[in-house]
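Some notes on the structure that comes next.
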Amino acid sequence: MTSLAWSVFALAATGIVLVSAFRESVEERFDDTLAVYLSMLIGQLAEEQDERFGGIPPDLGEPRFVLPLSGWYWIVVDAGTGEVTQSSESLAGDVFAIPQSLAQTRTSLVMQAYAEGPTGDPLRLVARRVAFADGGWYLVAVSGAASTIQDDIAAFTRRLALYLSLFAAVLLAMTFVQWRISLRPLTKLGEELQAVREGRVAHVSSDLPAEIAPVAEALNTLIASNRATLERARQHVGNLAHALKTPLSVLTNDAGRGEEPLARSVREQVQTMQRQVRYYLERAQMAAQDRLIGTATDVSPVLTRLHRAMSRLGQARGVEVELSLLEAVRFAGEQQDLEEIVGNLVDNGLKWARSRIAIEVTPSEERLAGAPFQRAFRITIDDDGEGLSADQRSQVLSRGKRLDQSKPGSGLGLSIVAELVELYGGQLTLGPSVLGGLLATVTLPRA
């Protein structure tokens with residue numbers, strides 16, 4: 001686009017320069033014609049001697065100097081008194097004002113200027129200060145209608161504008177074709193990257209021009225390295241879970257079911273360790289999956305299954321769970337992460353709702369703060385419970401924070417959701433619900 005803008009600017013500048021050059025050329029040619037008439041006029045006046053200003057007017061052989069108010073005039077002015085001593089028949093007894101720059105000149109060179117005719121029409125004139133045999137100095141001027149110059153320039157400008165417009169159209173078409181052809185490989189690469197991101201293909205094609213092929217190879221290497229890193233992380237997580245499981249089980253068995261303080265303390269601390277280990281192992285697994293290229297999940301079937309399960313739990317508590325999917329969307333992430341995000345939020349709503357929970361999924365036009373070029377979608381969970389104040393909404397996202405100890409749970413649910421959403425570059429917000437309780441809004445990347 002920048003090169004095209006510069007090309008248009010260059011064409012416009014070329015047009016201006018050509019019009020200016022043509023104007024100078026037309027004026028020079030017009031001045032040359034007037035200068036010939038001026039020389040003829042001075043010559044004839046010089047030959048008339050004593051009858052110079054009283055005899056028959058000079059004949060320049062141009063009918064327009066006789067045609068009244070034709071724009072073609074000549075005039076002789078006494079340089080000393082400024083009196084008009086003789087003029088062409090075309091002036092019909094009138095005169096035209098000679099510019100001061102010419103009237104007051106002391107040079108004998110031919111000078112050019114624009115003036116205004118007796119009818120207000122523009123004139124182009126040439127003039128020269130001459131001394132005849134009687135010793136008097138006179139200013140002799142010959143003029144022609146400047147409209148001739150303007151008409152020629154206007155006609156040239158129109159033709160030039162037409163030719164430059166045609167050239168610009170051809171240039172624009174050629175630039176567009178060149179742009180489409182030259183960028184076609186990049187467009188293809190972008191489409192294949194989108195397909196990889198959406199999980200439709202495993203890698204980008206290497207069937208590209210030599211200039212872009214190294215980029216495709218580097219992208220494929222990055223994708224393969226990403227997948228390999230994920231698999232290694234999953235293996236390490238599994239190995240760590242297996243390595244910790246046995247020691248914790250031994251400690252639990254050694255503590256037995258005794259009621260002495262040491263046994264109870266060991267059981268409590270082992271349970272805390274198991275819960276914390278499970279939490280951090282899940283977080284490590286999520287971190288390994290963060291931004292995995294090519295991972296995509298259909299939202300509708302996942303939430304439909306989750307809705308059925310949560311509806312059964314809600315019926316047992318007298319709470320109706322509603323699901324609204326306005327448009328089919330795909331989540332750019334793992335299915336289990338989506339299930340954990342929505343599942344924790346709905347489970348939290350079931351603890352506090354009186355009779356109703358509403359789940360709604362809608363595409364969003366906003367861009368994610370963690371991924372500014374990523375499309376997004378929004379999930380909202382409303383309940384009609386008691387809701388939370390602004391201070392409570394900020395506290396409840398803290399890990400292990402439980403505002404009501406009478407409700408079951410570890411206090412990790414919302415913090416897990418917040419960390420999961422953050423890993424995907426999304427956003428979790430809590431606010432008042434139109435149903436009267438809490439509104440949880442999750443913005444996630446859309447594939």
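The chains in the structure tokens are called A, B, ... from first to last as shown; in each chain the residues are counted from 1, and the ligands are counted from 1 in the order shown.
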
Need the shell around range 110-120 of chain A: protein/DNA/RNA residues with any atom at most 7 Å away, counting only C-alpha atoms. Skip same-chain ones fewer than 5 positions apart. Format as a PyMOL selection string? chain A and resi 71+94-99+125-128

Expected answer as a PyMOL selection string: strand (DSSP E) residues in range 18-204 of chain A: chain A and resi 73-78+84-87+111-116+122-131+137-145

What's around Thr252 in chain A at 9 Å? Count only C-alpha atoms, leave out sequence neighbours fewer than 3 positions away in its own chain, and write the answer as JSON, numbers by chain. {"A": [247, 248, 249, 255, 256, 257, 263, 266, 267, 270, 271]}

Can you write just those residues out, N, CA and C atoms, as an mmCIF file, in the first residue's frame?
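again_12.cif written:
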data_model
loop_
_atom_site.group_PDB
_atom_site.id
_atom_site.type_symbol
_atom_site.label_atom_id
_atom_site.label_comp_id
_atom_site.auth_asym_id
_atom_site.auth_seq_id
_atom_site.Cartn_x
_atom_site.Cartn_y
_atom_site.Cartn_z
ATOM 1 N N PRO A 247 4.539 -42.980 48.761
ATOM 2 C CA PRO A 247 4.914 -42.482 50.105
ATOM 3 C C PRO A 247 3.729 -41.936 50.889
ATOM 4 N N LEU A 248 2.826 -41.249 50.225
ATOM 5 C CA LEU A 248 1.671 -40.717 50.937
ATOM 6 C C LEU A 248 0.759 -41.849 51.421
ATOM 7 N N SER A 249 0.629 -42.899 50.624
ATOM 8 C CA SER A 249 -0.189 -44.045 51.055
ATOM 9 C C SER A 249 0.442 -44.739 52.258
ATOM 10 N N ALA A 255 -0.364 -44.176 59.904
ATOM 11 C CA ALA A 255 -1.170 -43.428 60.865
ATOM 12 C C ALA A 255 -2.368 -44.227 61.311
ATOM 13 N N GLY A 256 -2.842 -45.158 60.463
ATOM 14 C CA GLY A 256 -3.962 -46.019 60.799
ATOM 15 C C GLY A 256 -5.209 -45.223 61.130
ATOM 16 N N ARG A 257 -6.025 -45.809 61.982
ATOM 17 C CA ARG A 257 -7.255 -45.147 62.395
ATOM 18 C C ARG A 257 -7.192 -44.719 63.872
ATOM 19 N N ALA A 263 -1.535 -39.452 65.357
ATOM 20 C CA ALA A 263 -2.173 -40.127 64.214
ATOM 21 C C ALA A 263 -3.132 -39.180 63.498
ATOM 22 N N VAL A 266 -1.129 -36.657 61.550
ATOM 23 C CA VAL A 266 -0.538 -37.225 60.330
ATOM 24 C C VAL A 266 -1.598 -37.377 59.251
ATOM 25 N N ARG A 267 -2.777 -37.894 59.597
ATOM 26 C CA ARG A 267 -3.837 -38.079 58.604
ATOM 27 C C ARG A 267 -4.249 -36.717 57.998
ATOM 28 N N VAL A 270 -1.452 -35.414 55.723
ATOM 29 C CA VAL A 270 -1.359 -36.213 54.484
ATOM 30 C C VAL A 270 -2.477 -35.842 53.533
ATOM 31 N N GLN A 271 -3.695 -35.668 54.073
ATOM 32 C CA GLN A 271 -4.807 -35.256 53.215
ATOM 33 C C GLN A 271 -4.536 -33.886 52.592
#

Polymer residues at most 12 Å from Glu28 in chain A, only C-alpha atoms, same-chain spacing of 2 or more positions, as number ranges by chain: A: 21-26, 30-35, 111-113, 124-126, 149

Next, write the just-selected residues to a file, as a compact mmCIF listing (two decimals), in the first residue's frame, keeping C-alpha atoms as the atom set.
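Saved the output as out32.txt:
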# COMPACT_ATOMS: atom_id res chain seq x y z
CA ALA A 21 6.39 23.14 -18.17
CA PHE A 22 3.64 23.29 -20.79
CA ARG A 23 2.48 26.67 -19.41
CA GLU A 24 6.00 28.06 -19.76
CA SER A 25 6.29 26.66 -23.28
CA VAL A 26 2.95 28.14 -24.38
CA PHE A 30 2.95 33.32 -27.44
CA ASP A 31 5.56 35.89 -26.37
CA ASP A 32 7.64 35.12 -29.45
CA THR A 33 4.62 35.86 -31.66
CA LEU A 34 3.92 39.13 -29.84
CA ALA A 35 7.62 40.04 -30.04
CA MET A 111 9.61 42.68 -21.25
CA GLN A 112 6.55 40.52 -20.67
CA ALA A 113 3.63 40.81 -18.29
CA ARG A 124 -0.56 38.89 -22.29
CA LEU A 125 1.66 41.72 -23.48
CA VAL A 126 5.24 42.44 -24.49
CA ILE A 149 -2.95 30.63 -23.40

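In terms of minimum interatomic distance to Phe167 in chain A, A:Ser7 ranks closest within A:Ser88, A:Gln100, A:Ser7, A:Thr105, counting only C-alpha atoms.
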
If DSSP is run on the backbone, what residues of range 80-290 of chain A are alpha helix (DSSP H)? A reply as JSON, numbers by chain would be ideal. {"A": [100, 101, 102, 103, 147, 148, 149, 150, 151, 152, 153, 154, 155, 156, 157, 158, 159, 160, 161, 162, 163, 164, 165, 166, 167, 168, 169, 170, 171, 172, 173, 174, 175, 176, 177, 178, 179, 180, 181, 182, 183, 184, 185, 186, 187, 188, 189, 190, 191, 192, 193, 194, 195, 196, 197, 213, 214, 215, 216, 217, 218, 219, 220, 221, 222, 223, 224, 225, 226, 227, 228, 229, 230, 231, 232, 233, 234, 235, 236, 237, 238, 239, 240, 241, 242, 243, 244, 245, 246, 247, 248, 249, 250, 251, 252, 253, 254, 255, 261, 262, 263, 264, 265, 266, 267, 268, 269, 270, 271, 272, 273, 274, 275, 276, 277, 278, 279, 280, 281, 282, 283, 284, 285, 286, 287, 288, 289]}

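You can rank A:Thr295, A:Ser389, A:Gln315, A:Thr441 by their closest distance to Tyr424 in chain A using only C-alpha atoms, and at the top of that list sits A:Thr295.
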
Determine, counting only C-alpha atoms, which protein, DNA and RNA residues have an atom within 9 Å of an atom of Phe132 in chain A; residues of the same chain fewer than 3 positions away are not included. Present the result as number ranges by chain. A: 45-46, 49, 135-138

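Using only C-alpha atoms, the nearest neighbour of Ala103 in chain A within the list A:Leu139, A:Val130, A:Ala173, A:Ala146 is A:Leu139.
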
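Residue nearest Met174 in chain A within the list A:Leu4, A:Gly318, A:Glu47, A:Trp74: A:Leu4 [criterion: smallest interatomic distance, only C-alpha atoms].
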
Considering only C-alpha atoms, return as a VMD selection string whatever protein or nucleic-acid residues lie within 7 Å of Arg446 in chain A, sequence-local ones (same chain, fewer than 3 positions apart) excluded. chain A and resid 329 to 332 375 to 377
